[in-house]
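Chemist: So I've got this file, model08.txt, and it contains compact mmCIF, C-alpha atoms and all ligand atoms:
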```
# COMPACT_ATOMS: atom_id res chain seq x y z
CA MET A 520 56.91 -39.30 -71.95
CA ILE A 521 56.88 -39.20 -68.15
CA LYS A 522 56.65 -42.50 -66.28
CA LEU A 523 54.25 -42.43 -63.31
CA GLU A 524 53.74 -44.68 -60.32
CA LYS A 525 50.45 -46.48 -60.88
CA PRO A 526 47.64 -45.75 -58.40
CA ASP A 527 47.28 -48.27 -55.58
CA PHE A 528 43.58 -47.84 -54.72
CA GLN A 529 41.22 -50.80 -54.43
CA GLN A 530 38.48 -50.88 -57.07
CA ASP A 531 35.91 -52.22 -54.57
CA ILE A 532 36.40 -49.30 -52.17
CA ILE A 533 36.15 -46.81 -55.03
CA ILE A 534 32.86 -48.33 -56.22
CA ASP A 535 31.43 -48.37 -52.70
CA ASP A 536 32.40 -44.75 -52.06
CA CYS A 537 30.97 -43.63 -55.41
CA ILE A 538 27.56 -45.29 -54.94
CA ASP A 539 27.32 -44.49 -51.21
CA ASN A 540 24.81 -41.61 -51.55
CA MET A 541 22.95 -42.90 -54.62
CA ARG A 542 19.26 -43.70 -54.37
CA LYS A 543 18.47 -47.31 -53.39
CA GLY A 544 15.78 -49.53 -54.88
CA ASN A 545 15.01 -52.02 -57.64
CA GLY A 546 15.81 -50.85 -61.14
CA THR A 547 18.01 -47.95 -60.01
CA PRO A 548 21.52 -47.34 -61.36
CA ARG A 549 22.76 -48.20 -57.86
CA ALA A 550 21.09 -51.62 -58.01
CA ARG A 551 22.62 -52.33 -61.43
CA ILE A 552 26.09 -51.18 -60.34
CA THR A 553 25.86 -53.29 -57.17
CA ALA A 554 24.84 -56.34 -59.21
CA SER A 555 27.85 -55.79 -61.50
CA ARG A 556 30.27 -54.93 -58.69
CA ASP A 557 32.19 -58.23 -58.73
CA ILE A 558 32.66 -58.12 -62.50
CA LEU A 559 33.85 -54.51 -62.37
CA ILE A 560 36.44 -55.51 -59.75
CA GLU A 561 37.51 -58.50 -61.86
CA LYS A 562 37.82 -56.28 -64.94
CA SER A 563 40.00 -53.84 -63.04
CA ASP A 564 42.38 -56.63 -61.93
CA GLU A 565 42.42 -58.03 -65.44
CA TYR A 566 43.24 -54.58 -66.87
CA ASP A 567 46.26 -54.37 -64.57
CA LYS A 568 47.51 -57.84 -65.56
CA LEU A 569 47.01 -57.28 -69.30
CA ALA A 570 48.64 -53.86 -69.18
CA GLU A 571 51.69 -55.31 -67.42
CA LEU A 572 51.97 -57.84 -70.26
CA GLY A 573 51.46 -55.23 -72.97
CA GLU A 574 48.18 -56.85 -73.97
CA LEU A 575 45.63 -54.10 -73.28
CA GLY A 576 44.70 -54.31 -76.96
CA THR A 577 42.99 -57.65 -76.29
CA ILE A 578 40.24 -55.92 -74.28
CA LYS A 579 37.21 -55.65 -76.53
CA GLU A 580 35.08 -52.53 -76.85
CA SER A 581 31.85 -52.46 -74.85
CA GLU A 582 31.62 -55.77 -72.98
CA LEU A 583 28.18 -54.90 -71.68
CA SER A 584 26.37 -58.10 -72.62
CA GLU A 585 27.70 -59.89 -69.52
CA VAL A 586 26.67 -57.23 -66.97
CA GLU A 587 23.53 -55.49 -65.72
CA VAL A 588 25.12 -52.07 -65.55
CA THR A 589 24.62 -49.83 -68.62
CA LYS A 590 27.01 -47.55 -70.46
CA LYS A 591 25.07 -44.53 -69.16
CA ASP A 592 25.28 -45.83 -65.57
CA MET A 593 29.07 -46.05 -65.83
CA ILE A 594 29.56 -42.69 -67.53
CA ASP A 595 27.24 -41.02 -64.99
CA LEU A 596 29.12 -42.77 -62.20
CA TYR A 597 32.35 -41.20 -63.43
CA ASN A 598 30.95 -37.73 -64.15
CA LYS A 599 28.61 -37.34 -61.18
CA LYS A 600 30.21 -39.41 -58.42
CA PHE A 601 33.91 -39.75 -59.22
CA ALA A 602 34.87 -36.49 -60.91
CA ARG A 603 32.37 -34.08 -59.35
CA GLN A 604 33.60 -31.77 -56.57
CA GLY A 605 32.20 -32.61 -53.15
CA GLU A 606 31.35 -36.25 -53.91
CA ARG A 607 33.14 -39.08 -52.08
CA GLY A 608 34.70 -40.44 -55.25
CA ARG A 609 36.42 -37.11 -55.88
CA GLN A 610 39.18 -37.95 -53.37
CA TYR A 611 40.43 -40.63 -55.82
CA TYR A 612 40.19 -38.24 -58.76
CA ASP A 613 42.35 -35.72 -56.89
CA LYS A 614 44.85 -38.35 -55.73
CA ILE A 615 45.31 -39.66 -59.27
CA LYS A 616 45.77 -36.11 -60.56
CA SER A 617 48.52 -35.60 -57.99
CA LEU A 618 50.52 -38.62 -59.27
CA ALA A 619 52.15 -36.39 -61.91
CA PRO A 620 55.36 -34.84 -60.51
CA ASN A 621 55.26 -31.02 -60.60
CA GLU A 622 51.81 -31.29 -62.23
CA ARG A 623 53.46 -32.01 -65.60
CA CYS A 624 51.25 -33.82 -68.07
CA PRO A 625 52.84 -37.26 -68.66
CA PHE A 626 51.66 -37.37 -72.30
CA CYS A 627 53.37 -34.17 -73.51
CA GLY A 628 55.79 -33.57 -70.62
CA GLN A 629 55.16 -29.85 -70.97
CA ARG A 630 51.73 -28.48 -70.00
CA LEU A 631 50.10 -28.66 -66.57
CA VAL A 632 47.72 -31.41 -65.50
CA LYS A 633 44.11 -30.19 -65.48
CA THR A 634 42.03 -33.32 -65.80
CA LEU A 635 42.04 -37.12 -65.94
CA ASP A 636 42.18 -38.94 -69.25
CA HIS A 637 40.65 -42.37 -69.82
CA TYR A 638 43.43 -44.35 -71.51
CA LEU A 639 40.76 -46.70 -72.87
CA PRO A 640 38.03 -44.14 -73.64
CA LYS A 641 34.94 -44.46 -71.47
CA ALA A 642 32.58 -44.10 -74.43
CA LYS A 643 33.94 -47.33 -75.90
CA PHE A 644 35.09 -49.07 -72.71
CA PRO A 645 32.51 -47.99 -70.11
CA LEU A 646 33.33 -50.82 -67.67
CA TYR A 647 36.71 -49.12 -67.10
CA ALA A 648 35.22 -45.66 -66.46
CA ILE A 649 36.38 -45.64 -62.82
CA THR A 650 39.23 -48.17 -63.04
CA PRO A 651 42.14 -46.33 -61.43
CA TYR A 652 44.77 -47.85 -63.77
CA ASN A 653 42.81 -46.49 -66.73
CA LEU A 654 42.77 -42.92 -65.41
CA ILE A 655 45.78 -40.79 -66.30
CA PRO A 656 46.56 -37.25 -65.13
CA SER A 657 46.53 -35.13 -68.28
CA CYS A 658 46.58 -31.56 -69.56
CA SER A 659 43.41 -30.39 -71.31
CA ASP A 660 44.99 -30.34 -74.75
CA CYS A 661 46.33 -33.90 -74.61
CA ASN A 662 42.97 -35.03 -73.28
CA LYS A 663 41.26 -33.46 -76.32
CA ASP A 664 43.89 -34.58 -78.86
CA LYS A 665 43.52 -38.18 -77.80
CA LEU A 666 39.73 -38.00 -78.02
CA THR A 667 37.98 -41.34 -78.24
CA ASP A 668 40.61 -43.16 -80.21
CA SER A 669 41.04 -46.80 -79.42
CA PHE A 670 43.94 -48.79 -80.76
CA ALA A 671 43.50 -51.36 -83.51
CA GLN A 672 47.09 -52.60 -83.18
CA ARG A 673 49.77 -52.58 -80.53
CA GLU A 674 51.87 -50.16 -82.55
CA GLU A 675 49.05 -47.58 -82.42
CA GLU A 676 48.93 -47.57 -78.63
CA ILE A 677 50.12 -44.33 -77.17
CA ILE A 678 52.54 -44.48 -74.24
CA HIS A 679 50.81 -45.64 -71.05
CA PRO A 680 52.43 -43.67 -68.22
CA TYR A 681 51.80 -46.38 -65.59
CA TYR A 682 53.04 -49.38 -67.58
CA ASP A 683 55.40 -48.36 -70.38
CA ASP A 684 59.03 -47.41 -70.00
CA PHE A 685 59.88 -44.83 -72.63
CA ALA A 686 61.83 -42.77 -70.13
CA SER A 687 65.13 -44.64 -69.94
CA SER A 688 66.56 -44.05 -73.42
CA VAL A 689 66.84 -40.92 -75.52
CA TRP A 690 64.45 -40.89 -78.47
CA LEU A 691 63.23 -37.30 -78.77
CA LYS A 692 65.51 -35.53 -81.21
CA ALA A 693 65.51 -32.25 -83.12
CA GLU A 694 67.28 -30.70 -86.04
CA VAL A 695 68.17 -27.11 -86.72
CA VAL A 696 66.31 -25.56 -89.65
CA LYS A 697 68.70 -23.27 -91.47
CA GLY A 698 67.56 -19.67 -91.83
CA GLU A 699 66.77 -16.54 -89.96
CA PRO A 700 65.18 -16.86 -87.49
CA VAL A 701 66.63 -20.27 -86.62
CA THR A 702 63.88 -22.82 -85.99
CA PHE A 703 63.74 -26.49 -85.01
CA GLU A 704 61.97 -29.62 -86.17
CA PHE A 705 61.44 -32.37 -83.62
CA TYR A 706 61.23 -36.08 -84.45
CA VAL A 707 61.53 -39.56 -82.94
CA GLU A 708 64.81 -41.44 -83.37
CA LYS A 709 64.84 -45.19 -82.72
CA PRO A 710 67.23 -46.14 -79.89
CA GLU A 711 69.34 -49.26 -80.56
CA ASP A 712 67.64 -51.35 -77.88
CA TRP A 713 64.08 -50.76 -79.19
CA ASP A 714 62.15 -53.08 -81.48
CA ASP A 715 60.07 -51.75 -84.37
CA ILE A 716 56.79 -51.82 -82.44
CA LYS A 717 58.16 -49.69 -79.63
CA TYR A 718 59.53 -47.23 -82.18
CA LYS A 719 56.19 -47.05 -84.02
CA ARG A 720 54.38 -46.49 -80.73
CA ALA A 721 56.65 -43.55 -79.87
CA CYS A 722 56.09 -42.12 -83.39
CA ASN A 723 52.34 -42.48 -83.01
CA HIS A 724 52.36 -40.88 -79.57
CA PHE A 725 54.43 -38.02 -80.99
CA LYS A 726 51.91 -37.56 -83.83
CA VAL A 727 48.67 -37.90 -81.81
CA PHE A 728 49.77 -35.27 -79.30
CA ARG A 729 51.32 -33.07 -81.99
CA LEU A 730 54.51 -32.73 -80.00
CA ASN A 731 56.50 -31.11 -82.80
CA ASP A 732 53.98 -28.25 -82.95
CA LEU A 733 54.03 -27.97 -79.17
CA TYR A 734 57.81 -27.91 -78.71
CA LYS A 735 58.83 -25.75 -81.69
CA PRO A 736 57.84 -22.33 -80.30
CA TYR A 737 59.38 -23.06 -76.89
CA ALA A 738 62.61 -24.13 -78.58
CA CYS A 739 62.73 -21.01 -80.77
CA GLU A 740 62.24 -18.76 -77.73
CA ARG A 741 64.88 -20.58 -75.71
CA PHE A 742 67.28 -20.39 -78.63
CA CYS A 743 66.94 -16.60 -78.73
CA GLU A 744 67.55 -16.48 -74.97
CA CYS A 745 70.73 -18.58 -75.10
CA LEU A 746 72.21 -17.19 -78.33
CA GLY A 747 73.69 -14.14 -76.59
CA ARG A 748 75.40 -16.30 -74.00
CA LEU A 749 76.76 -18.66 -76.66
CA LYS A 750 78.21 -15.70 -78.57
CA ARG A 751 79.85 -14.34 -75.42
CA ILE A 752 81.39 -17.71 -74.60
CA LEU A 753 82.55 -18.02 -78.20
CA VAL A 754 84.37 -14.67 -78.07
CA LYS A 755 86.13 -15.59 -74.83
CA GLY A 756 86.84 -19.30 -75.28
CA GLY A 757 86.11 -20.28 -78.88
CA GLN A 758 83.78 -22.89 -80.34
CA GLU A 759 84.89 -25.67 -78.06
CA ALA A 760 83.91 -23.64 -74.98
CA ALA A 761 80.51 -22.84 -76.50
CA LYS A 762 79.94 -26.51 -77.31
CA GLU A 763 80.98 -27.48 -73.80
CA HIS A 764 78.35 -25.08 -72.45
CA LEU A 765 75.68 -26.86 -74.50
CA ARG A 766 76.90 -30.28 -73.37
CA GLU A 767 76.66 -29.17 -69.75
CA SER A 768 73.13 -27.87 -70.35
CA ILE A 769 72.15 -31.30 -71.70
CA VAL A 770 73.64 -33.05 -68.66
CA GLU A 771 71.69 -30.70 -66.38
CA LYS A 772 68.38 -31.36 -68.19
CA ARG A 773 68.96 -35.14 -68.12
CA LYS A 774 69.42 -35.12 -64.35
CA ASN A 775 65.69 -34.47 -64.08
CA ARG A 776 64.44 -36.62 -66.98
CA LEU A 777 65.26 -37.63 -70.54
CA ASN A 778 63.50 -36.53 -73.72
CA THR A 779 62.74 -32.90 -72.98
CA TRP A 780 62.55 -30.44 -75.87
CA GLU A 781 65.38 -28.45 -74.22
CA GLU A 782 67.75 -31.41 -74.31
CA ALA A 783 66.81 -32.19 -77.94
CA MET A 784 67.26 -28.55 -78.94
CA TYR A 785 70.73 -28.22 -77.35
CA ASP A 786 71.77 -31.48 -78.96
CA ALA A 787 70.51 -30.32 -82.36
CA LEU A 788 72.65 -27.18 -82.06
CA LEU A 789 75.69 -29.26 -81.14
CA GLU A 790 75.20 -31.50 -84.16
CA SER A 791 74.52 -28.75 -86.72
CA ASP A 792 77.53 -28.03 -88.98
CA TRP A 793 75.67 -25.11 -90.49
CA PHE A 794 75.17 -23.51 -87.08
CA TRP A 795 78.86 -23.60 -86.19
CA LYS A 796 80.43 -23.05 -89.63
CA GLU A 797 78.10 -20.41 -91.05
CA TYR A 798 75.66 -18.97 -88.53
CA LEU A 799 78.07 -18.63 -85.61
CA LYS A 800 81.46 -18.19 -87.24
CA GLU A 801 84.31 -17.46 -84.85
ZN ZN B 901 49.73 -32.88 -72.18
```
Produce structure tokens that represent the structure in this file.
Ligand SMILES: [Zn+2]
Modeler:
Amino acid sequence: MIKLEKPDFQQDIIIDDCIDNMRKGNGTPRARITASRDILIEKSDEYDKLAELGELGTIKESELSEVEVTKKDMIDLYNKKFARQGERGRQYYDKIKSLAPNERCPFCGQRLVKTLDHYLPKAKFPLYAITPYNLIPSCSDCNKDKLTDSFAQREEEIIHPYYDDFASSVWLKAEVVKGEPVTFEFYVEKPEDWDDIKYKRACNHFKVFRLNDLYKPYACERFCECLGRLKRILVKGGQEAAKEHLRESIVEKRKNRLNTWEEAMYDALLESDWFWKEYLKE
């Protein structure tokens, strides 16, 4: 939903900072991480290249046979050295969190960022547990909704905020549900310049994060707030003036970004014959 600048931290420095105060010695997690350091750096570079090509799906789950480090080592490294307050790795956690403008979660575009989400889940892809490109600022709900899903096919991949551009054409739409109170149903509409895979990915993203359920109540509340104004404009200037007010509201929302529920809701009102001919008769 929201495109983010990808983090520009070096994987080697992150690893070194994270293991800095770990116990030394043969057979320790630190020794295993140090022995696997070059491969972890390689994997991070490879992740970036594959993601740029749209080929993240070619990374196989759990590539642990080629490294000394264990799944537990990597998950502990993330939990105890990268994400934990006061540890040296935490600076990177906080910097990645701050990549989201106005703390808006890039997955839903609505709630506030509270955590980092592993795009490739760390339980299945432990070698990418502290890969900066794999760590996405996220709200708690999106983080939970995504869970440990991995993607069997390209079309199942949710939108990657660092690599995918779903922010330059309008695809989030809504329709007015006739009745009292007026409600809205949100859906994905395929823009002309998208192929089928891109469309299916947007649909899957929309479903995984349950965006219709998220946006509906906000839209219903906003509708109640703007109905009075629309009626006042209608009395003074007629339907065309009321429609012009909605068009201006859409332009204002789009100045910030496309595909907000507000924009989709205003557009749905504009397009609804029922709303203008029956609900809001002149
Ligand atoms: Zn979210």
Chemist: Go through A:Phe685, A:Phe705, A:Tyr611, A:Phe728 one by one, measure the shortest atom-to-atom distance of each to ligand ZN 901 (chain B) using all atoms listed in the file, and give the residue with the smallest value.
Modeler: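 That would be A:Phe728, the residue with the smallest distance to ligand ZN 901 (chain B).
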Chemist: Select, from A:Val588, A:Leu730, A:Leu654, A:Leu575, the residue with the minimum atom-to-atom distance to ligand ZN 901 (chain B), counting only C-alpha atoms and all ligand atoms.
Modeler: A:Leu730
Chemist: What is the distance, in Å and to one decimal place, between atom CA of Thr779 of chain A and atom CA of Tyr681 of chain A?
Modeler: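 According to the coordinates, atom CA of Thr779 of chain A and atom CA of Tyr681 of chain A are separated by 18.9 Å.
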Chemist: In terms of the shortest atom-to-atom distance over only C-alpha atoms, which of A:Leu733, A:Leu583, A:Met593, A:Val707 is closest to Arg630 of chain A?
Modeler: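 Answer, going by the shortest atom-to-atom distance: A:Leu733.
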Chemist: Near Ile552 of chain A, counting all atoms listed in the file, which residues have an atom at most 12 Å away, once you skip same-chain residues fewer than 5 positions from it, shown as a JSON list (two decimals) with C-alpha atoms, in the coordinates of the input?
Modeler:
```json
[["chain", "number", "residue", "atom", "x", "y", "z"],
["A", 531, "ASP", "CA", 35.91, -52.22, -54.57],
["A", 534, "ILE", "CA", 32.86, -48.33, -56.22],
["A", 535, "ASP", "CA", 31.43, -48.37, -52.70],
["A", 537, "CYS", "CA", 30.97, -43.63, -55.41],
["A", 538, "ILE", "CA", 27.56, -45.29, -54.94],
["A", 539, "ASP", "CA", 27.32, -44.49, -51.21],
["A", 541, "MET", "CA", 22.95, -42.90, -54.62],
["A", 542, "ARG", "CA", 19.26, -43.70, -54.37],
["A", 543, "LYS", "CA", 18.47, -47.31, -53.39],
["A", 544, "GLY", "CA", 15.78, -49.53, -54.88],
["A", 545, "ASN", "CA", 15.01, -52.02, -57.64],
["A", 546, "GLY", "CA", 15.81, -50.85, -61.14],
["A", 547, "THR", "CA", 18.01, -47.95, -60.01],
["A", 557, "ASP", "CA", 32.19, -58.23, -58.73],
["A", 558, "ILE", "CA", 32.66, -58.12, -62.50],
["A", 559, "LEU", "CA", 33.85, -54.51, -62.37],
["A", 560, "ILE", "CA", 36.44, -55.51, -59.75],
["A", 586, "VAL", "CA", 26.67, -57.23, -66.97],
["A", 587, "GLU", "CA", 23.53, -55.49, -65.72],
["A", 588, "VAL", "CA", 25.12, -52.07, -65.55],
["A", 589, "THR", "CA", 24.62, -49.83, -68.62],
["A", 590, "LYS", "CA", 27.01, -47.55, -70.46],
["A", 591, "LYS", "CA", 25.07, -44.53, -69.16],
["A", 592, "ASP", "CA", 25.28, -45.83, -65.57],
["A", 593, "MET", "CA", 29.07, -46.05, -65.83],
["A", 594, "ILE", "CA", 29.56, -42.69, -67.53],
["A", 595, "ASP", "CA", 27.24, -41.02, -64.99],
["A", 596, "LEU", "CA", 29.12, -42.77, -62.20],
["A", 646, "LEU", "CA", 33.33, -50.82, -67.67],
["A", 649, "ILE", "CA", 36.38, -45.64, -62.82]]
```
Chemist: With all atoms listed in the file as the basis for distance, which of A:Leu635, A:Glu565, A:Glu694, A:Tyr718 is at the shortest distance from Thr577 of chain A?
Modeler: A:Glu565
Chemist: Around ligand ZN 901 (chain B), at most 8 Å away and counting only C-alpha atoms and all ligand atoms, which residues are there? Put them as a PyMOL selection string, please.
Modeler: chain A and resi 623-632+657-662+728
Chemist: Could you check how far atom CA of Ile769 of chain A sits from atom CA of Glu781 of chain A, in Å to one decimal?
Modeler: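 For atom CA of Ile769 of chain A relative to atom CA of Glu781 of chain A, the distance reads 7.8 Å.
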Chemist: Skip segment 526-529 of chain A itself and residues of its chain fewer than 6 positions away, then list as a count of residues only all residues within 7 Å of it, counting all atoms listed in the file.
Modeler: 3
Chemist: Within 8 Å of Asp786 of chain A, counting all atoms listed in the file, which residues qualify if same-chain residues fewer than 2 places away don't, as a list of chain:residue names?
Modeler: A:Lys692, A:Ala693, A:Leu765, A:Arg766, A:Ile769, A:Glu782, A:Ala783, A:Met784, A:Leu788, A:Leu789, A:Glu790
Chemist: I'd like the neighbourhood of Cys739 of chain A as a list in words, where a residue qualifies if any of its atoms comes within 8 Å (using all atoms listed in the file), though same-chain residues fewer than 5 positions away should be ignored.
Modeler: Val701, Thr702 and Phe703 of chain A
Chemist: With C-alpha atoms kept, could you save the residues just selected as an mmCIF file, in the coordinates of the input?
Modeler:
```cif
data_model
loop_
_atom_site.group_PDB
_atom_site.id
_atom_site.type_symbol
_atom_site.label_atom_id
_atom_site.label_comp_id
_atom_site.auth_asym_id
_atom_site.auth_seq_id
_atom_site.Cartn_x
_atom_site.Cartn_y
_atom_site.Cartn_z
ATOM 1 C CA VAL A 701 66.630 -20.270 -86.620
ATOM 2 C CA THR A 702 63.880 -22.820 -85.990
ATOM 3 C CA PHE A 703 63.740 -26.490 -85.010
#
```
Chemist: Work out how far apart atom CA of Asp564 of chain A and atom CA of Lys522 of chain A are and give it in Å to one decimal.
Modeler: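 Pair atom CA of Asp564 of chain A / atom CA of Lys522 of chain A returns 20.5 Å.
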Chemist: Of the residues A:Gln604, A:Asn653, A:Thr634, A:Lys579, which is the one nearest to Asp567 of chain A, using only C-alpha atoms?
Modeler: A:Asn653
Chemist: Return segment 754-782 of chain A, completed with N, CA and C atoms, as a PDB file, in the frame of the given file.
Modeler:
```pdb
ATOM      1  N   VAL A 754      83.357 -15.736 -77.996  1.00  0.00           N
ATOM      2  CA  VAL A 754      84.370 -14.670 -78.070  1.00  0.00           C
ATOM      3  C   VAL A 754      85.493 -14.942 -77.073  1.00  0.00           C
ATOM      4  N   LYS A 755      85.113 -15.368 -75.877  1.00  0.00           N
ATOM      5  CA  LYS A 755      86.130 -15.590 -74.830  1.00  0.00           C
ATOM      6  C   LYS A 755      86.906 -16.885 -75.033  1.00  0.00           C
ATOM      7  N   GLY A 756      86.168 -17.980 -75.339  1.00  0.00           N
ATOM      8  CA  GLY A 756      86.840 -19.300 -75.280  1.00  0.00           C
ATOM      9  C   GLY A 756      86.774 -20.111 -76.558  1.00  0.00           C
ATOM     10  N   GLY A 757      86.180 -19.561 -77.609  1.00  0.00           N
ATOM     11  CA  GLY A 757      86.110 -20.280 -78.880  1.00  0.00           C
ATOM     12  C   GLY A 757      84.968 -21.297 -78.929  1.00  0.00           C
ATOM     13  N   GLN A 758      84.903 -21.948 -80.098  1.00  0.00           N
ATOM     14  CA  GLN A 758      83.780 -22.890 -80.340  1.00  0.00           C
ATOM     15  C   GLN A 758      83.738 -24.019 -79.323  1.00  0.00           C
ATOM     16  N   GLU A 759      84.894 -24.523 -78.965  1.00  0.00           N
ATOM     17  CA  GLU A 759      84.890 -25.670 -78.060  1.00  0.00           C
ATOM     18  C   GLU A 759      84.247 -25.303 -76.718  1.00  0.00           C
ATOM     19  N   ALA A 760      84.504 -24.093 -76.249  1.00  0.00           N
ATOM     20  CA  ALA A 760      83.910 -23.640 -74.980  1.00  0.00           C
ATOM     21  C   ALA A 760      82.390 -23.510 -75.117  1.00  0.00           C
ATOM     22  N   ALA A 761      81.962 -22.999 -76.270  1.00  0.00           N
ATOM     23  CA  ALA A 761      80.510 -22.840 -76.500  1.00  0.00           C
ATOM     24  C   ALA A 761      79.834 -24.209 -76.565  1.00  0.00           C
ATOM     25  N   LYS A 762      80.508 -25.149 -77.225  1.00  0.00           N
ATOM     26  CA  LYS A 762      79.940 -26.510 -77.310  1.00  0.00           C
ATOM     27  C   LYS A 762      79.908 -27.160 -75.928  1.00  0.00           C
ATOM     28  N   GLU A 763      80.938 -26.917 -75.150  1.00  0.00           N
ATOM     29  CA  GLU A 763      80.980 -27.480 -73.800  1.00  0.00           C
ATOM     30  C   GLU A 763      79.815 -26.937 -72.966  1.00  0.00           C
ATOM     31  N   HIS A 764      79.492 -25.674 -73.169  1.00  0.00           N
ATOM     32  CA  HIS A 764      78.350 -25.080 -72.450  1.00  0.00           C
ATOM     33  C   HIS A 764      77.055 -25.818 -72.806  1.00  0.00           C
ATOM     34  N   LEU A 765      76.882 -26.134 -74.087  1.00  0.00           N
ATOM     35  CA  LEU A 765      75.680 -26.860 -74.500  1.00  0.00           C
ATOM     36  C   LEU A 765      75.666 -28.275 -73.925  1.00  0.00           C
ATOM     37  N   ARG A 766      76.833 -28.924 -73.940  1.00  0.00           N
ATOM     38  CA  ARG A 766      76.900 -30.280 -73.370  1.00  0.00           C
ATOM     39  C   ARG A 766      76.525 -30.261 -71.895  1.00  0.00           C
ATOM     40  N   GLU A 767      77.004 -29.266 -71.174  1.00  0.00           N
ATOM     41  CA  GLU A 767      76.660 -29.170 -69.750  1.00  0.00           C
ATOM     42  C   GLU A 767      75.162 -28.924 -69.558  1.00  0.00           C
ATOM     43  N   SER A 768      74.586 -28.132 -70.448  1.00  0.00           N
ATOM     44  CA  SER A 768      73.130 -27.870 -70.350  1.00  0.00           C
ATOM     45  C   SER A 768      72.347 -29.167 -70.546  1.00  0.00           C
ATOM     46  N   ILE A 769      72.821 -30.013 -71.467  1.00  0.00           N
ATOM     47  CA  ILE A 769      72.150 -31.300 -71.700  1.00  0.00           C
ATOM     48  C   ILE A 769      72.257 -32.180 -70.452  1.00  0.00           C
ATOM     49  N   VAL A 770      73.444 -32.239 -69.871  1.00  0.00           N
ATOM     50  CA  VAL A 770      73.640 -33.050 -68.660  1.00  0.00           C
ATOM     51  C   VAL A 770      72.687 -32.566 -67.553  1.00  0.00           C
ATOM     52  N   GLU A 771      72.570 -31.263 -67.416  1.00  0.00           N
ATOM     53  CA  GLU A 771      71.690 -30.700 -66.380  1.00  0.00           C
ATOM     54  C   GLU A 771      70.237 -31.112 -66.623  1.00  0.00           C
ATOM     55  N   LYS A 772      69.785 -30.994 -67.878  1.00  0.00           N
ATOM     56  CA  LYS A 772      68.380 -31.360 -68.190  1.00  0.00           C
ATOM     57  C   LYS A 772      68.153 -32.851 -67.923  1.00  0.00           C
ATOM     58  N   ARG A 773      69.135 -33.681 -68.263  1.00  0.00           N
ATOM     59  CA  ARG A 773      68.960 -35.140 -68.120  1.00  0.00           C
ATOM     60  C   ARG A 773      68.964 -35.590 -66.671  1.00  0.00           C
ATOM     61  N   LYS A 774      69.467 -34.746 -65.771  1.00  0.00           N
ATOM     62  CA  LYS A 774      69.420 -35.120 -64.350  1.00  0.00           C
ATOM     63  C   LYS A 774      67.977 -35.256 -63.905  1.00  0.00           C
ATOM     64  N   ASN A 775      67.106 -34.431 -64.449  1.00  0.00           N
ATOM     65  CA  ASN A 775      65.690 -34.470 -64.080  1.00  0.00           C
ATOM     66  C   ASN A 775      64.972 -35.585 -64.836  1.00  0.00           C
ATOM     67  N   ARG A 776      65.010 -35.537 -66.165  1.00  0.00           N
ATOM     68  CA  ARG A 776      64.440 -36.620 -66.980  1.00  0.00           C
ATOM     69  C   ARG A 776      64.964 -36.523 -68.403  1.00  0.00           C
ATOM     70  N   LEU A 777      64.824 -37.622 -69.140  1.00  0.00           N
ATOM     71  CA  LEU A 777      65.260 -37.630 -70.540  1.00  0.00           C
ATOM     72  C   LEU A 777      64.127 -37.168 -71.450  1.00  0.00           C
ATOM     73  N   ASN A 778      64.483 -36.842 -72.678  1.00  0.00           N
ATOM     74  CA  ASN A 778      63.500 -36.530 -73.720  1.00  0.00           C
ATOM     75  C   ASN A 778      62.689 -35.268 -73.454  1.00  0.00           C
ATOM     76  N   THR A 779      63.385 -34.217 -73.040  1.00  0.00           N
ATOM     77  CA  THR A 779      62.740 -32.900 -72.980  1.00  0.00           C
ATOM     78  C   THR A 779      63.091 -32.164 -74.276  1.00  0.00           C
ATOM     79  N   TRP A 780      62.252 -31.206 -74.655  1.00  0.00           N
ATOM     80  CA  TRP A 780      62.550 -30.440 -75.870  1.00  0.00           C
ATOM     81  C   TRP A 780      63.843 -29.640 -75.694  1.00  0.00           C
ATOM     82  N   GLU A 781      64.143 -29.220 -74.450  1.00  0.00           N
ATOM     83  CA  GLU A 781      65.380 -28.450 -74.220  1.00  0.00           C
ATOM     84  C   GLU A 781      66.609 -29.282 -74.596  1.00  0.00           C
ATOM     85  N   GLU A 782      66.610 -30.511 -74.056  1.00  0.00           N
ATOM     86  CA  GLU A 782      67.750 -31.410 -74.310  1.00  0.00           C
ATOM     87  C   GLU A 782      67.901 -31.643 -75.827  1.00  0.00           C
TER      88      GLU A 782
END
```
